[in-house]
$ cat run.txt   # compact mmCIF, C-alpha atoms and all ligand atoms
# COMPACT_ATOMS: atom_id res chain seq x y z
CA MET A 1 27.19 133.24 -134.25
CA ASN A 2 23.47 132.59 -133.97
CA ILE A 3 22.29 129.05 -133.52
CA GLU A 4 18.90 127.34 -133.42
CA PRO A 5 18.45 124.18 -131.34
CA SER A 6 16.75 121.50 -133.42
CA GLY A 7 15.38 119.70 -130.36
CA VAL A 8 16.71 116.43 -131.74
CA VAL A 9 18.71 114.40 -129.23
CA PHE A 10 20.65 111.32 -130.29
CA THR A 11 23.82 109.39 -129.51
CA GLY A 12 26.89 110.86 -131.07
CA THR A 13 30.14 112.63 -130.35
CA CYS A 14 30.25 116.30 -129.49
CA GLU A 15 31.93 118.54 -132.06
CA ILE A 16 32.79 121.26 -129.57
CA GLN A 17 34.59 119.31 -126.80
CA THR A 18 35.22 121.93 -124.15
CA ASP A 19 36.81 120.72 -120.94
CA ARG A 20 33.29 120.20 -119.53
CA CYS A 21 32.34 117.98 -122.45
CA LYS A 22 30.21 114.91 -121.68
CA ALA A 23 30.28 113.44 -125.17
CA LYS A 24 33.89 113.08 -126.26
CA GLU A 25 32.95 109.41 -126.60
CA PRO A 26 29.50 108.64 -128.06
CA ALA A 27 26.82 109.91 -125.65
CA ALA A 28 23.71 112.10 -125.75
CA VAL A 29 24.15 115.10 -128.01
CA SER A 30 21.69 117.43 -129.62
CA ALA A 31 21.79 118.93 -133.08
CA VAL A 32 21.84 122.69 -133.44
CA TRP A 33 21.68 124.65 -136.68
CA THR A 34 23.98 127.53 -137.38
CA SER A 35 22.30 130.61 -138.75
CA PRO A 36 22.21 131.71 -141.52
CA ALA A 37 24.45 128.94 -142.97
CA ARG A 38 22.24 126.11 -141.64
CA ARG A 39 25.14 123.84 -140.90
CA GLN A 40 24.37 121.13 -138.34
CA VAL A 41 26.56 120.98 -135.25
CA ASP A 42 26.23 118.08 -132.79
CA VAL A 43 26.83 119.27 -129.25
CA CYS A 44 26.42 117.98 -125.69
CA THR A 45 24.56 120.08 -123.14
CA PRO A 46 27.59 121.29 -121.11
CA CYS A 47 29.34 122.43 -124.30
CA LEU A 48 26.20 124.17 -125.53
CA GLU A 49 26.01 126.08 -122.26
CA GLU A 50 29.70 126.88 -122.42
CA GLN A 51 29.49 128.20 -126.00
CA VAL A 52 26.66 130.52 -124.96
CA ARG A 53 28.48 131.56 -121.81
CA LEU A 54 31.67 132.37 -123.70
CA GLY A 55 29.74 134.48 -126.17
CA GLU A 56 30.55 132.17 -129.09
CA TRP A 57 26.93 131.27 -129.70
CA GLU A 58 23.71 133.13 -129.25
CA ILE A 59 20.45 131.23 -129.11
CA ARG A 60 17.55 133.02 -130.68
CA HIS A 61 14.28 132.92 -128.77
CA ALA A 62 15.54 130.51 -126.17
CA ARG A 63 16.70 130.61 -122.62
CA ILE A 64 18.87 127.89 -121.23
CA SER A 65 19.24 127.25 -117.57
CA ARG A 66 22.72 127.08 -116.20
CA ARG A 67 24.68 127.35 -113.02
CA SER A 68 26.85 130.22 -111.91
CA ASP A 69 30.49 129.49 -111.15
CA ILE A 70 30.48 131.10 -107.69
CA ALA A 71 27.64 132.64 -105.71
CA VAL A 72 27.96 134.58 -102.47
CA TYR A 73 25.04 134.97 -100.09
CA SER A 74 24.42 137.37 -97.20
CA PRO A 75 23.70 135.94 -93.73
CA ASP A 76 19.97 136.30 -94.48
CA HIS A 77 20.43 134.11 -97.58
CA GLN A 78 20.10 136.86 -100.18
CA LEU A 79 22.26 136.36 -103.25
CA GLN A 80 24.78 139.23 -103.25
CA LEU A 81 27.43 138.35 -105.79
CA VAL A 82 27.62 136.11 -108.82
CA VAL A 83 31.03 135.30 -110.25
CA GLU A 84 31.46 133.97 -113.76
CA ILE A 85 34.74 132.62 -115.05
CA ALA A 86 35.74 132.35 -118.69
CA GLU A 87 38.85 132.14 -120.77
CA LYS A 88 39.93 134.74 -123.28
CA LEU A 89 39.23 133.42 -126.75
CA ALA A 90 41.53 134.14 -129.67
CA THR A 91 38.50 134.81 -131.85
CA HIS A 92 37.50 137.99 -130.04
CA ALA A 93 39.30 141.27 -130.64
CA THR A 94 39.75 142.50 -127.09
CA PRO A 95 39.13 141.00 -123.66
CA GLN A 96 36.59 143.73 -122.91
CA GLN A 97 34.62 143.03 -126.09
CA GLN A 98 34.42 139.36 -125.14
CA ALA A 99 33.46 140.24 -121.56
CA LEU A 100 30.64 142.53 -122.68
CA ARG A 101 29.35 139.83 -124.98
CA ILE A 102 29.40 137.21 -122.23
CA TYR A 103 27.57 139.55 -119.89
CA HIS A 104 25.02 140.46 -122.52
CA ASN A 105 24.40 136.79 -123.32
CA LEU A 106 24.06 135.87 -119.67
CA CYS A 107 21.56 138.66 -119.09
CA THR A 108 19.47 138.08 -122.19
CA HIS A 109 19.64 134.32 -122.76
CA ALA A 110 20.85 132.45 -119.73
CA GLY A 111 18.63 133.96 -117.07
CA ILE A 112 21.30 134.76 -114.50
CA PRO A 113 19.76 136.00 -111.28
CA ARG A 114 19.87 139.74 -110.72
CA THR A 115 22.34 140.52 -107.97
CA PRO A 116 23.88 143.66 -106.47
CA TYR A 117 27.33 142.60 -107.69
CA PHE A 118 28.42 140.66 -110.74
CA LEU A 119 32.07 139.78 -111.31
CA LEU A 120 33.35 138.35 -114.56
CA TYR A 121 36.86 136.97 -114.56
CA LEU A 122 38.32 136.46 -118.00
CA HIS A 123 41.48 134.40 -117.78
CA PRO A 124 44.28 135.47 -117.73
CA GLY A 125 44.05 138.55 -115.59
CA HIS A 126 40.95 140.47 -116.70
CA PHE A 127 38.42 141.43 -114.03
CA TYR A 128 35.06 143.09 -114.85
CA LEU A 129 32.88 144.16 -111.98
CA TRP A 130 29.32 145.45 -112.18
CA THR A 131 28.32 147.08 -108.91
CA ASN A 132 24.64 147.46 -109.63
CA ALA A 133 23.88 144.37 -111.62
CA ARG A 134 20.19 144.43 -110.69
CA ALA A 135 19.68 146.56 -113.78
CA TYR A 136 21.24 145.61 -117.10
CA VAL A 137 24.05 148.09 -117.77
CA PRO A 138 26.22 146.99 -120.67
CA GLU A 139 29.48 148.56 -119.44
CA PRO A 140 31.13 147.26 -116.25
CA THR A 141 31.73 149.65 -113.36
CA TYR A 142 35.34 148.48 -113.11
CA ALA A 143 37.51 146.91 -115.79
CA ILE A 144 40.83 145.83 -114.29
CA ASP A 145 43.75 144.09 -115.99
CA ASP A 146 45.95 142.47 -113.38
CA GLU A 147 47.59 139.16 -114.20
CA SER A 148 49.44 138.98 -110.88
CA MET A 149 46.31 138.97 -108.68
CA LEU A 150 45.30 135.31 -109.10
CA LYS A 151 48.74 133.85 -109.77
CA PRO A 152 49.56 132.80 -106.19
CA TYR A 153 46.14 131.14 -105.86
CA LEU A 154 46.54 129.22 -109.10
CA HIS A 155 50.02 128.06 -108.20
CA ASN A 156 48.92 126.82 -104.78
CA ALA A 157 46.02 124.84 -106.19
CA PRO A 158 45.42 121.41 -104.67
CA SER A 159 45.89 119.90 -108.09
CA SER A 160 44.55 116.44 -107.34
CA PHE A 161 41.07 117.89 -106.81
CA GLU A 162 41.18 120.52 -109.51
CA SER A 163 42.13 118.73 -112.67
CA ASN A 164 41.02 120.97 -115.50
CA LEU A 165 41.59 124.69 -115.95
CA SER A 166 38.00 125.73 -115.22
CA ASP A 167 38.09 123.87 -111.87
CA ARG A 168 41.47 125.37 -111.02
CA LEU A 169 40.26 128.88 -111.88
CA LYS A 170 37.13 128.41 -109.79
CA GLY A 171 39.18 127.21 -106.81
CA ALA A 172 41.63 130.09 -107.21
CA LEU A 173 38.82 132.66 -107.40
CA GLU A 174 37.16 131.21 -104.27
CA ARG A 175 40.41 131.37 -102.29
CA TRP A 176 41.10 134.88 -103.59
CA LEU A 177 37.61 136.10 -102.57
CA GLU A 178 38.12 134.63 -99.08
CA ASP A 179 41.38 136.57 -98.81
CA VAL A 180 39.80 139.79 -100.08
CA ALA A 181 37.28 139.44 -97.26
CA HIS A 182 39.73 138.66 -94.48
CA THR A 183 43.20 140.00 -95.32
CA ARG A 184 44.76 142.73 -93.23
CA GLN A 185 46.99 143.71 -96.12
CA ALA A 186 46.24 146.66 -98.39
CA LEU A 187 43.99 145.77 -101.29
CA PRO A 188 43.81 147.36 -104.73
CA ASP A 189 41.57 150.46 -104.62
CA TRP A 190 38.82 149.02 -106.81
CA LEU A 191 38.11 146.19 -104.37
CA VAL A 192 37.57 148.67 -101.54
CA GLU A 193 35.92 151.57 -103.43
CA SER A 194 33.42 149.27 -105.12
CA GLY A 195 32.22 147.96 -101.76
CA LEU A 196 33.17 144.41 -102.75
CA ARG A 197 35.55 143.93 -99.81
CA ASP A 198 32.89 144.99 -97.28
CA LEU A 199 30.28 142.88 -99.01
CA LEU A 200 32.50 139.79 -98.80
CA LYS A 201 33.38 140.52 -95.20
CA ASN A 202 29.70 140.68 -94.24
CA CYS A 203 28.75 137.53 -96.10
CA SER A 204 29.35 134.97 -93.40
CA THR A 205 27.80 132.01 -95.19
CA PRO A 206 30.19 129.86 -97.17
CA MET A 207 30.40 130.48 -100.85
CA GLN A 208 28.49 127.97 -102.84
CA THR A 209 27.67 127.13 -106.37
CA ALA A 210 24.31 128.55 -107.27
CA LEU A 211 21.66 127.13 -109.50
CA ALA A 212 20.43 129.90 -111.73
CA ALA A 213 16.76 130.13 -112.54
ZN ZN A 301 30.66 118.54 -125.55

$ encode --input "run.txt" --output "structure tokens" --more "lines below"
Ligand SMILES: [Zn+2]
Amino acid sequence: MNIEPSGVVFTGTCEIQTDRCKAKEPAAVSAVWTSPARRQVDVCTPCLEEQVRLGEWEIRHARISRRSDIAVYSPDHQLQLVVEIAEKLATHATPQQQALRIYHNLCTHAGIPRTPYFLLYLHPGHFYLWTNARAYVPEPTYAIDDESMLKPYLHNAPSSFESNLSDRLKGALERWLEDVAHTRQALPDWLVESGLRDLLKNCSTPMQTALAA
């Protein structure tokens, strides 16, 4: 759905209420207009970003700044990998269609930094890896469905620190990437063939949350 931000900010409750919502109780929200129906939706900033990220909303003629879920840097501080995490929505036909839409939205509206590798994890169990994400290529290089891969990391989550699902997924993905880099066990072919394992191994700096431009 296309939306147009009205630019009007006021105190109200957010109508979207994702798990990152900052306005479940009255707080700062902004009004956006749906297009073409012109219905007003009051939304807080984190939910607006999340709706765009999930591919639910597209903002015409606007870029919003946002953070990436996980960013991996080389020892010389070059951004090598951006990881985005989303949940499969019932409103989209297939996981891949949703993934392509998220990627398209991130590239065209959200200003994600161009990196050699871009990994989109669509919960549960869908991995989409772009291996030359410096150029916009709509189709991922690898599309992998594997629900078992993250399960042990989700189940071992330190739950007191990771309360909501997006925090738990982020923690699980971080621990999984660490293991991909350092495990001596055999990995699925796509992690080796793509160069992702070697990239992670060579990135000695700790993973950190990036601020996108
Ligand atoms: Zn909200």

$ residues_near_ligand --input "run.txt" --ligand "ligand ZN 301 (chain A)" --cutoff "6 Å" --atoms "all atoms listed in the file" --output "list in words"
Cys14, Ile16, Gln17, Thr18, Cys21, Lys22, Ala23, Val43, Cys44 and Cys47 of chain A

$ residues_around --input "run.txt" --residues "stretch 184-197 of chain A" --least-positions-apart "3" --cutoff "8 Å" --atoms "all atoms listed in the file" --output "MDAnalysis selection string"
chainID A and resid 117 131 142 180:181 200:201

$ closest_residue --input "run.txt" --among "A:Thr115, A:Gly12, A:Glu87, A:Leu106" --to "A:Ser74" --atoms "all atoms listed in the file"
A:Thr115

$ residues_around --input "run.txt" --residues "A:Glu58" --least-positions-apart "2" --cutoff "9 Å" --atoms "only C-alpha atoms" --output "PyMOL selection string"
chain A and resi 1-4+51-53+55-56+60+105+109

$ atom_distance --input "run.txt" --atom1 "atom CA of A:Asn132" --atom2 "atom CA of A:Gln80"
10.4 Å

$ atom_distance --input "run.txt" --atom1 "atom CA of A:Leu173" --atom2 "atom CA of A:Glu15"
29.2 Å

$ residues_around --input "run.txt" --residues "A:Arg114" --least-positions-apart "2" --cutoff "8 Å" --atoms "all atoms listed in the file" --output "PyMOL selection string"
chain A and resi 112+116+133-135

$ write_last_selection --input "run.txt" --atoms "C-alpha atoms" --output "mmCIF file, keeping the file's coordinate frame"
data_model
loop_
_atom_site.group_PDB
_atom_site.id
_atom_site.type_symbol
_atom_site.label_atom_id
_atom_site.label_comp_id
_atom_site.auth_asym_id
_atom_site.auth_seq_id
_atom_site.Cartn_x
_atom_site.Cartn_y
_atom_site.Cartn_z
ATOM 1 C CA ILE A 112 21.300 134.760 -114.500
ATOM 2 C CA PRO A 116 23.880 143.660 -106.470
ATOM 3 C CA ALA A 133 23.880 144.370 -111.620
ATOM 4 C CA ARG A 134 20.190 144.430 -110.690
ATOM 5 C CA ALA A 135 19.680 146.560 -113.780
#

$ residues_near_point --input "run.txt" --point "(41.2, 141.0, -114.2)" --cutoff "8 Å" --atoms "all atoms listed in the file" --output "compact mmCIF listing (two decimals) with C-alpha atoms, in the frame of the given file"
# COMPACT_ATOMS: atom_id res chain seq x y z
CA TYR A 121 36.86 136.97 -114.56
CA LEU A 122 38.32 136.46 -118.00
CA HIS A 123 41.48 134.40 -117.78
CA PRO A 124 44.28 135.47 -117.73
CA GLY A 125 44.05 138.55 -115.59
CA HIS A 126 40.95 140.47 -116.70
CA PHE A 127 38.42 141.43 -114.03
CA TYR A 128 35.06 143.09 -114.85
CA ALA A 143 37.51 146.91 -115.79
CA ILE A 144 40.83 145.83 -114.29
CA ASP A 145 43.75 144.09 -115.99
CA ASP A 146 45.95 142.47 -113.38
CA GLU A 147 47.59 139.16 -114.20
CA MET A 149 46.31 138.97 -108.68

$ atom_distance --input "run.txt" --atom1 "atom CA of A:Leu177" --atom2 "atom CA of A:Leu48"
28.3 Å

$ closest_residue --input "run.txt" --among "A:Arg39, A:Pro75, A:Glu49, A:Tyr153" --to "A:Arg20" --atoms "all atoms listed in the file"
A:Glu49

$ closest_residue --input "run.txt" --among "A:Asp19, A:Phe118, A:Asp69, A:Gly7" --to "A:Pro46" --atoms "all atoms listed in the file"
A:Asp19
